[in-house]
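Reading through the structure tokens given below for one structure.
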Amino acid sequence: MHRRSGLSARTKLTISYAGFLLLAGVLLLAVMWVFVLRWLPTDDPRSLQRTFGGVVFIGPSRADLLRGFTPAAATALAFLLVFGLLGGWILAGRMLAPLTRIADAARMAGNGSLSHRIRMKGPDDEFRELADVFDAMLEQLESHVAEQQRFAANASHELRTPLAITRTLLDVARDDPTRDQGELIERLHAVNTRAIDLTEALLLLSRSDGKSVTREPVDLSLIAEEAAETLLPLAEKRQTTLDVTGETTQSVGSAALLLRMMTNLVQNAIVHNLPAGGTVTIHTEPQHGASVLRVENTGHPLPSELVPALTEPFQRGTERVRTDEHAGVGLGLAIVHSIVRAHDGTLALAPRPTGGLLVTIRLPDQGLSRN
């Protein structure tokens, strides 16, 4: 954007310093005139004579003092002007030096370098506070950009895999016309289904990350029952017991997103469970001004260092990778985490001592969200 040129902040401060200093000098001379010079006698010879004890004193007149004082006052004012300009220029430069450092950091960030930090030292003043806030903003931006780049790279890799498999299958079918077409179609259908699931998961994750969710009253207990009913065939197939407990738990948010969150949690708990005889417990309850949801499942022991990475996109974990028809796209818990953040909630994962995972979600209840 083109802007008309003007005085710099340093020049304005310099002129202000010099102007105030010159004004102070003028006021000082005015005080001297009001309270000193105007009381001196005029040129009238009678007013110059003062008698004390019979001795006659003759003092200088007001005109004599003005003739001697005026050049000295003009010289002093000129000195104050020059001194104010030079001193103001130096002081303004020192005062604006922190802003120059902040501007340099902002310029580097605008050019794509987000790793630079100001780390301003000195007293805890307004400039130090501004620099600290700017450093915190750069840190968040760097983390967000790195996360987005990592997500884009992983998403590209995941999307490329089914496309490469599809091309391989088509090449094989072209080179071998006698190959069983039914098997080829079935494999292509499975690969295409996985690509569609991945694309839908990516779109849902992008939507929930935007935090532009519809706010409406939601009963988490009803959503838990709906998710359990939907996934009951999968649980029966895997010989897993679903148990929904708790009481009416009111919250505020998007019913569709919260149902997807619940479905992902329950499906994840069913799939990553014991081969047979496993259990999944879904519990909802209001607690201390929040709506609490717990999903607990049996399963193999999880290393504690693996748990924090489970909410990262495409991070399935070494002990949790599956190759059967229920192999996920690595976005289940990432979507859950994103939906929870979009609803201003918290997500906590903890390995169970006997194996499996305990997921605890706290969402603002209906009354707190209304406030």
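In the structure tokens, the first chain shown is A, the next is B, and so on; residue numbers restart at 1 for each chain, and ligands run from 1 in the order shown.
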
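For segment 104-111 of chain A, the residues within 10 Å (counting only C-alpha atoms, excluding itself and residues fewer than 2 positions away along the chain) are A:Pro98, A:Leu99, A:Thr100, A:Arg101, A:Ile102, A:Ser113, A:Leu114, A:Ser115, A:His116, A:Arg117, A:Ile118, A:Ala131, A:Phe134, A:Asp135, A:Leu138, A:Leu141, A:Glu142.
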
Export all heavy atoms of the chosen residues as a compact mmCIF listing (two decimals), in the first residue's frame?
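part32.txt was written with the following content:
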```
# COMPACT_ATOMS: atom_id res chain seq x y z
N PRO A 98 14.23 -0.59 21.09
CA PRO A 98 13.47 -1.86 21.19
C PRO A 98 12.46 -2.03 20.06
O PRO A 98 12.26 -3.15 19.57
CB PRO A 98 12.77 -1.73 22.56
CG PRO A 98 13.61 -0.78 23.33
CD PRO A 98 14.13 0.19 22.33
N LEU A 99 11.84 -0.93 19.64
CA LEU A 99 10.89 -1.05 18.53
C LEU A 99 11.59 -1.45 17.24
O LEU A 99 11.02 -2.17 16.41
CB LEU A 99 10.15 0.28 18.34
CG LEU A 99 9.13 0.66 19.41
CD1 LEU A 99 8.46 1.98 19.06
CD2 LEU A 99 8.08 -0.43 19.57
N THR A 100 12.81 -1.00 17.07
CA THR A 100 13.58 -1.38 15.88
C THR A 100 13.84 -2.88 15.88
O THR A 100 13.72 -3.55 14.84
CB THR A 100 14.90 -0.60 15.83
OG1 THR A 100 14.63 0.81 15.83
CG2 THR A 100 15.69 -0.96 14.59
N ARG A 101 14.19 -3.42 17.06
CA ARG A 101 14.42 -4.87 17.16
C ARG A 101 13.13 -5.65 16.87
O ARG A 101 13.15 -6.67 16.19
CB ARG A 101 14.95 -5.23 18.54
CG ARG A 101 16.34 -4.69 18.84
CD ARG A 101 16.82 -5.14 20.21
NE ARG A 101 16.80 -6.59 20.32
CZ ARG A 101 17.07 -7.24 21.45
NH1 ARG A 101 17.37 -6.56 22.55
NH2 ARG A 101 17.03 -8.56 21.49
N ILE A 102 12.02 -5.16 17.39
CA ILE A 102 10.75 -5.84 17.15
C ILE A 102 10.37 -5.77 15.68
O ILE A 102 9.88 -6.74 15.09
CB ILE A 102 9.65 -5.21 18.03
CG1 ILE A 102 9.97 -5.43 19.51
CG2 ILE A 102 8.28 -5.79 17.69
CD1 ILE A 102 9.01 -4.75 20.46
N SER A 113 10.90 -16.59 8.16
CA SER A 113 11.75 -17.09 9.23
C SER A 113 11.04 -16.91 10.57
O SER A 113 11.00 -15.80 11.11
CB SER A 113 13.10 -16.34 9.24
OG SER A 113 13.90 -16.75 10.34
N LEU A 114 10.47 -17.99 11.08
CA LEU A 114 9.71 -17.93 12.33
C LEU A 114 10.53 -18.41 13.53
O LEU A 114 10.02 -18.41 14.65
CB LEU A 114 8.45 -18.79 12.21
CG LEU A 114 7.45 -18.37 11.12
CD1 LEU A 114 6.29 -19.35 11.08
CD2 LEU A 114 6.95 -16.96 11.37
N SER A 115 11.77 -18.80 13.32
CA SER A 115 12.59 -19.30 14.42
C SER A 115 13.29 -18.20 15.19
O SER A 115 13.82 -18.43 16.28
CB SER A 115 13.63 -20.28 13.89
OG SER A 115 14.49 -19.63 12.94
N HIS A 116 13.30 -16.97 14.64
CA HIS A 116 13.98 -15.86 15.31
C HIS A 116 13.18 -15.40 16.51
O HIS A 116 11.95 -15.32 16.46
CB HIS A 116 14.19 -14.70 14.33
CG HIS A 116 14.83 -13.50 14.95
ND1 HIS A 116 16.15 -13.48 15.32
CD2 HIS A 116 14.32 -12.29 15.29
CE1 HIS A 116 16.44 -12.30 15.84
NE2 HIS A 116 15.33 -11.56 15.84
N ARG A 117 13.86 -15.08 17.61
CA ARG A 117 13.23 -14.56 18.81
C ARG A 117 13.94 -13.28 19.25
O ARG A 117 15.16 -13.14 19.08
CB ARG A 117 13.29 -15.58 19.95
CG ARG A 117 12.57 -16.88 19.67
CD ARG A 117 11.07 -16.69 19.58
NE ARG A 117 10.39 -17.96 19.36
CZ ARG A 117 10.15 -18.49 18.17
NH1 ARG A 117 10.52 -17.84 17.08
NH2 ARG A 117 9.55 -19.65 18.05
N ILE A 118 13.18 -12.36 19.80
CA ILE A 118 13.76 -11.08 20.24
C ILE A 118 14.54 -11.28 21.54
O ILE A 118 15.66 -10.82 21.69
CB ILE A 118 12.65 -10.04 20.43
CG1 ILE A 118 11.90 -9.84 19.12
CG2 ILE A 118 13.24 -8.72 20.90
CD1 ILE A 118 10.70 -8.95 19.24
N ALA A 131 7.73 -7.17 23.48
CA ALA A 131 8.66 -8.15 22.89
C ALA A 131 8.32 -9.56 23.34
O ALA A 131 8.38 -10.51 22.53
CB ALA A 131 10.10 -7.78 23.28
N PHE A 134 5.32 -10.74 21.48
CA PHE A 134 5.66 -11.03 20.09
C PHE A 134 6.41 -12.36 20.00
O PHE A 134 6.18 -13.14 19.08
CB PHE A 134 6.51 -9.90 19.52
CG PHE A 134 6.68 -9.94 18.04
CD1 PHE A 134 5.70 -9.43 17.20
CD2 PHE A 134 7.81 -10.50 17.47
CE1 PHE A 134 5.84 -9.48 15.82
CE2 PHE A 134 7.97 -10.54 16.10
CZ PHE A 134 6.98 -10.04 15.27
N ASP A 135 7.32 -12.64 20.95
CA ASP A 135 8.03 -13.92 20.96
C ASP A 135 7.06 -15.08 21.14
O ASP A 135 7.19 -16.13 20.49
CB ASP A 135 9.08 -13.93 22.09
CG ASP A 135 10.32 -13.13 21.72
OD1 ASP A 135 10.50 -12.83 20.53
OD2 ASP A 135 11.10 -12.81 22.63
N LEU A 138 5.28 -15.64 17.89
CA LEU A 138 6.14 -16.32 16.92
C LEU A 138 6.27 -17.80 17.25
O LEU A 138 6.28 -18.65 16.34
CB LEU A 138 7.52 -15.67 16.91
CG LEU A 138 7.64 -14.31 16.22
CD1 LEU A 138 9.07 -13.78 16.34
CD2 LEU A 138 7.24 -14.40 14.75
N LEU A 141 3.07 -19.46 16.16
CA LEU A 141 3.01 -19.54 14.71
C LEU A 141 3.96 -20.62 14.17
O LEU A 141 3.59 -21.39 13.27
CB LEU A 141 3.38 -18.19 14.10
CG LEU A 141 2.30 -17.10 14.13
CD1 LEU A 141 2.86 -15.79 13.60
CD2 LEU A 141 1.09 -17.53 13.32
N GLU A 142 5.16 -20.67 14.72
CA GLU A 142 6.12 -21.68 14.26
C GLU A 142 5.60 -23.08 14.53
O GLU A 142 5.70 -23.98 13.67
CB GLU A 142 7.46 -21.47 14.94
CG GLU A 142 8.55 -22.41 14.46
CD GLU A 142 9.86 -22.20 15.19
OE1 GLU A 142 9.84 -21.65 16.31
OE2 GLU A 142 10.90 -22.59 14.65
```

Contacts of segment 260-356 of chain A with segment 231-247 of chain A up to 7 Å, shortest pair per row, only C-alpha atoms, as JSON lines:
```
{"residue": "A:Gln267", "atom": "CA", "partner": "A:Leu231", "partner_atom": "CA", "distance": 6.9}
{"residue": "A:Ile270", "atom": "CA", "partner": "A:Ala235", "partner_atom": "CA", "distance": 6.3}
{"residue": "A:Pro275", "atom": "CA", "partner": "A:Arg238", "partner_atom": "CA", "distance": 6.9}
{"residue": "A:Ala276", "atom": "CA", "partner": "A:Gln239", "partner_atom": "CA", "distance": 5.2}
{"residue": "A:Gly277", "atom": "CA", "partner": "A:Thr240", "partner_atom": "CA", "distance": 5.6}
{"residue": "A:Gly278", "atom": "CA", "partner": "A:Thr240", "partner_atom": "CA", "distance": 4.7}
{"residue": "A:Thr279", "atom": "CA", "partner": "A:Thr241", "partner_atom": "CA", "distance": 4.6}
{"residue": "A:Val280", "atom": "CA", "partner": "A:Leu242", "partner_atom": "CA", "distance": 5.0}
{"residue": "A:Thr281", "atom": "CA", "partner": "A:Asp243", "partner_atom": "CA", "distance": 4.8}
{"residue": "A:Ile282", "atom": "CA", "partner": "A:Val244", "partner_atom": "CA", "distance": 4.7}
{"residue": "A:His283", "atom": "CA", "partner": "A:Thr245", "partner_atom": "CA", "distance": 4.8}
{"residue": "A:Thr284", "atom": "CA", "partner": "A:Gly246", "partner_atom": "CA", "distance": 4.8}
{"residue": "A:Glu285", "atom": "CA", "partner": "A:Glu247", "partner_atom": "CA", "distance": 5.6}
```

Excluding Leu13 of chain A and its own-chain neighbours fewer than 2 positions away, which residues fall within 9 Å of it when counting only C-alpha atoms? Please give them as a PyMOL selection string. chain A and resi 8-11+15-18+88-89+91-92

Quick one: residues within 9 Å of Pro303 of chain A, only C-alpha atoms counted, chain neighbours fewer than 2 positions away excluded, as a PyMOL selection string? chain A and resi 301+305-307+319+351

Within 10 Å of Ile165 of chain A, counting only C-alpha atoms, which residues qualify if same-chain residues fewer than 4 places away don't, as JSON, numbers by chain? {"A": [160, 161, 169, 170, 171, 187, 188, 191, 192]}

Please produce a file of the residues just selected, as a PDB file, in the first residue's frame, where the atoms kept are N, CA, C and O atoms.
```pdb
ATOM      1  N   ARG A 160      -1.571 -40.927  -1.196  1.00  0.00           N
ATOM      2  CA  ARG A 160      -0.835 -41.484  -2.328  1.00  0.00           C
ATOM      3  C   ARG A 160      -0.840 -43.012  -2.309  1.00  0.00           C
ATOM      4  O   ARG A 160      -0.811 -43.661  -3.353  1.00  0.00           O
ATOM      5  N   THR A 161      -0.896 -43.579  -1.098  1.00  0.00           N
ATOM      6  CA  THR A 161      -0.830 -45.037  -0.977  1.00  0.00           C
ATOM      7  C   THR A 161      -1.991 -45.741  -1.672  1.00  0.00           C
ATOM      8  O   THR A 161      -1.765 -46.638  -2.511  1.00  0.00           O
ATOM      9  N   LEU A 169      -2.991 -52.337  -9.320  1.00  0.00           N
ATOM     10  CA  LEU A 169      -4.006 -53.335  -9.642  1.00  0.00           C
ATOM     11  C   LEU A 169      -4.474 -53.204 -11.089  1.00  0.00           C
ATOM     12  O   LEU A 169      -4.685 -54.207 -11.798  1.00  0.00           O
ATOM     13  N   LEU A 170      -4.657 -51.971 -11.547  1.00  0.00           N
ATOM     14  CA  LEU A 170      -5.081 -51.767 -12.935  1.00  0.00           C
ATOM     15  C   LEU A 170      -4.003 -52.190 -13.917  1.00  0.00           C
ATOM     16  O   LEU A 170      -4.311 -52.754 -14.989  1.00  0.00           O
ATOM     17  N   ASP A 171      -2.734 -51.943 -13.578  1.00  0.00           N
ATOM     18  CA  ASP A 171      -1.641 -52.386 -14.458  1.00  0.00           C
ATOM     19  C   ASP A 171      -1.601 -53.906 -14.554  1.00  0.00           C
ATOM     20  O   ASP A 171      -1.377 -54.480 -15.634  1.00  0.00           O
ATOM     21  N   ARG A 187     -10.887 -55.941  -4.568  1.00  0.00           N
ATOM     22  CA  ARG A 187      -9.721 -55.246  -4.014  1.00  0.00           C
ATOM     23  C   ARG A 187      -9.777 -53.759  -4.343  1.00  0.00           C
ATOM     24  O   ARG A 187      -9.439 -52.914  -3.506  1.00  0.00           O
ATOM     25  N   LEU A 188     -10.204 -53.419  -5.567  1.00  0.00           N
ATOM     26  CA  LEU A 188     -10.342 -52.010  -5.925  1.00  0.00           C
ATOM     27  C   LEU A 188     -11.403 -51.325  -5.054  1.00  0.00           C
ATOM     28  O   LEU A 188     -11.244 -50.168  -4.649  1.00  0.00           O
ATOM     29  N   VAL A 191      -9.835 -50.662  -1.635  1.00  0.00           N
ATOM     30  CA  VAL A 191      -8.882 -49.557  -1.688  1.00  0.00           C
ATOM     31  C   VAL A 191      -9.610 -48.228  -1.836  1.00  0.00           C
ATOM     32  O   VAL A 191      -9.277 -47.216  -1.185  1.00  0.00           O
ATOM     33  N   ASN A 192     -10.628 -48.201  -2.696  1.00  0.00           N
ATOM     34  CA  ASN A 192     -11.385 -46.972  -2.901  1.00  0.00           C
ATOM     35  C   ASN A 192     -12.138 -46.569  -1.631  1.00  0.00           C
ATOM     36  O   ASN A 192     -12.229 -45.376  -1.306  1.00  0.00           O
TER      37      ASN A 192
END
```

Find the residue from A:Ile335, A:Gln181, A:Phe127, A:Ile90 that sits nearest to Leu198 of chain A; use only C-alpha atoms when measuring. A:Ile335

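Note that the spacing between atom CA of Met262 of chain A and atom CA of His337 of chain A amounts to 11.3 Å.
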
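Each of A:Leu302, A:Ala73, A:Val252, A:Met261 was checked against Ala224 of chain A using only C-alpha atoms; the smallest atom-to-atom distance is that of A:Met261.
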
Which one of A:Ser291, A:Thr178, A:Thr199, A:Ser254 sits closest to Arg215 of chain A if you count only C-alpha atoms? A:Ser254

List every residue of segment 78-207 of chain A that DSSP, applied to the backbone of this structure, places in alpha helix (DSSP H), and write the result as a ChimeraX atom specification. /A:78-110,126-175,181-207

Can you pull out every residue from segment 204-367 of chain A that DSSP, working from the backbone, puts in strand (DSSP E or B), and format the result as an MDAnalysis selection string? chainID A and resid 216:219 240:246 250:253 278:287 290:297 346:351 357:365

Near Ser304 of chain A, within 12 Å and counting only C-alpha atoms, which residues show up once chain neighbours fewer than 5 positions away are dropped, as number ranges by chain? A: 309-310, 317, 319, 349-353, 355-357

Quick one: write out the picked residues with N, CA, C and O atoms as an mmCIF file, in the first residue's frame?
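Contents of result_0.cif, as written:
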```
data_model
loop_
_atom_site.group_PDB
_atom_site.id
_atom_site.type_symbol
_atom_site.label_atom_id
_atom_site.label_comp_id
_atom_site.auth_asym_id
_atom_site.auth_seq_id
_atom_site.Cartn_x
_atom_site.Cartn_y
_atom_site.Cartn_z
ATOM 1 N N ALA A 309 1.382 -39.526 21.868
ATOM 2 C CA ALA A 309 1.430 -39.434 20.402
ATOM 3 C C ALA A 309 0.170 -39.948 19.741
ATOM 4 O O ALA A 309 0.009 -39.803 18.530
ATOM 5 N N LEU A 310 -0.751 -40.528 20.507
ATOM 6 C CA LEU A 310 -1.929 -41.133 19.895
ATOM 7 C C LEU A 310 -2.871 -40.104 19.296
ATOM 8 O O LEU A 310 -3.653 -40.429 18.397
ATOM 9 N N GLY A 317 0.771 -45.671 16.406
ATOM 10 C CA GLY A 317 1.470 -46.325 17.502
ATOM 11 C C GLY A 317 1.899 -47.730 17.105
ATOM 12 O O GLY A 317 1.192 -48.479 16.452
ATOM 13 N N GLU A 319 2.213 -50.468 18.816
ATOM 14 C CA GLU A 319 1.434 -51.566 19.355
ATOM 15 C C GLU A 319 -0.016 -51.537 18.884
ATOM 16 O O GLU A 319 -0.797 -52.398 19.249
ATOM 17 N N LEU A 349 -5.535 -38.818 28.087
ATOM 18 C CA LEU A 349 -5.353 -40.233 27.801
ATOM 19 C C LEU A 349 -4.448 -40.838 28.864
ATOM 20 O O LEU A 349 -3.434 -40.237 29.228
ATOM 21 N N ALA A 350 -4.821 -42.025 29.337
ATOM 22 C CA ALA A 350 -4.008 -42.685 30.368
ATOM 23 C C ALA A 350 -4.061 -44.192 30.139
ATOM 24 O O ALA A 350 -5.155 -44.757 29.952
ATOM 25 N N PRO A 351 -2.904 -44.862 30.125
ATOM 26 C CA PRO A 351 -2.919 -46.329 29.991
ATOM 27 C C PRO A 351 -3.435 -46.989 31.265
ATOM 28 O O PRO A 351 -3.138 -46.549 32.373
ATOM 29 N N ARG A 352 -4.228 -48.019 31.112
ATOM 30 C CA ARG A 352 -4.732 -48.760 32.266
ATOM 31 C C ARG A 352 -3.649 -49.720 32.755
ATOM 32 O O ARG A 352 -2.923 -50.314 31.943
ATOM 33 N N PRO A 353 -3.518 -49.890 34.069
ATOM 34 C CA PRO A 353 -2.473 -50.793 34.586
ATOM 35 C C PRO A 353 -2.606 -52.219 34.065
ATOM 36 O O PRO A 353 -1.599 -52.914 33.869
ATOM 37 N N GLY A 355 -3.907 -53.029 31.170
ATOM 38 C CA GLY A 355 -3.943 -53.033 29.715
ATOM 39 C C GLY A 355 -5.126 -52.263 29.180
ATOM 40 O O GLY A 355 -6.184 -52.185 29.818
ATOM 41 N N GLY A 356 -4.970 -51.671 28.032
ATOM 42 C CA GLY A 356 -6.030 -50.858 27.455
ATOM 43 C C GLY A 356 -5.813 -49.380 27.720
ATOM 44 O O GLY A 356 -4.736 -48.952 28.167
ATOM 45 N N LEU A 357 -6.842 -48.607 27.487
ATOM 46 C CA LEU A 357 -6.712 -47.150 27.533
ATOM 47 C C LEU A 357 -7.936 -46.549 28.220
ATOM 48 O O LEU A 357 -9.059 -47.043 28.081
#
```

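Ranking A:Asn264, A:Thr168, A:Thr298, A:Thr346 by their shortest atom-to-atom distance to Ala334 of chain A, with only C-alpha atoms included, puts A:Asn264 first.
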
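Of the residues listed (A:His272, A:His288, A:Lys12, A:Arg260), A:Arg260 shows the shortest atom-to-atom separation from Val336 of chain A; distances use only C-alpha atoms.
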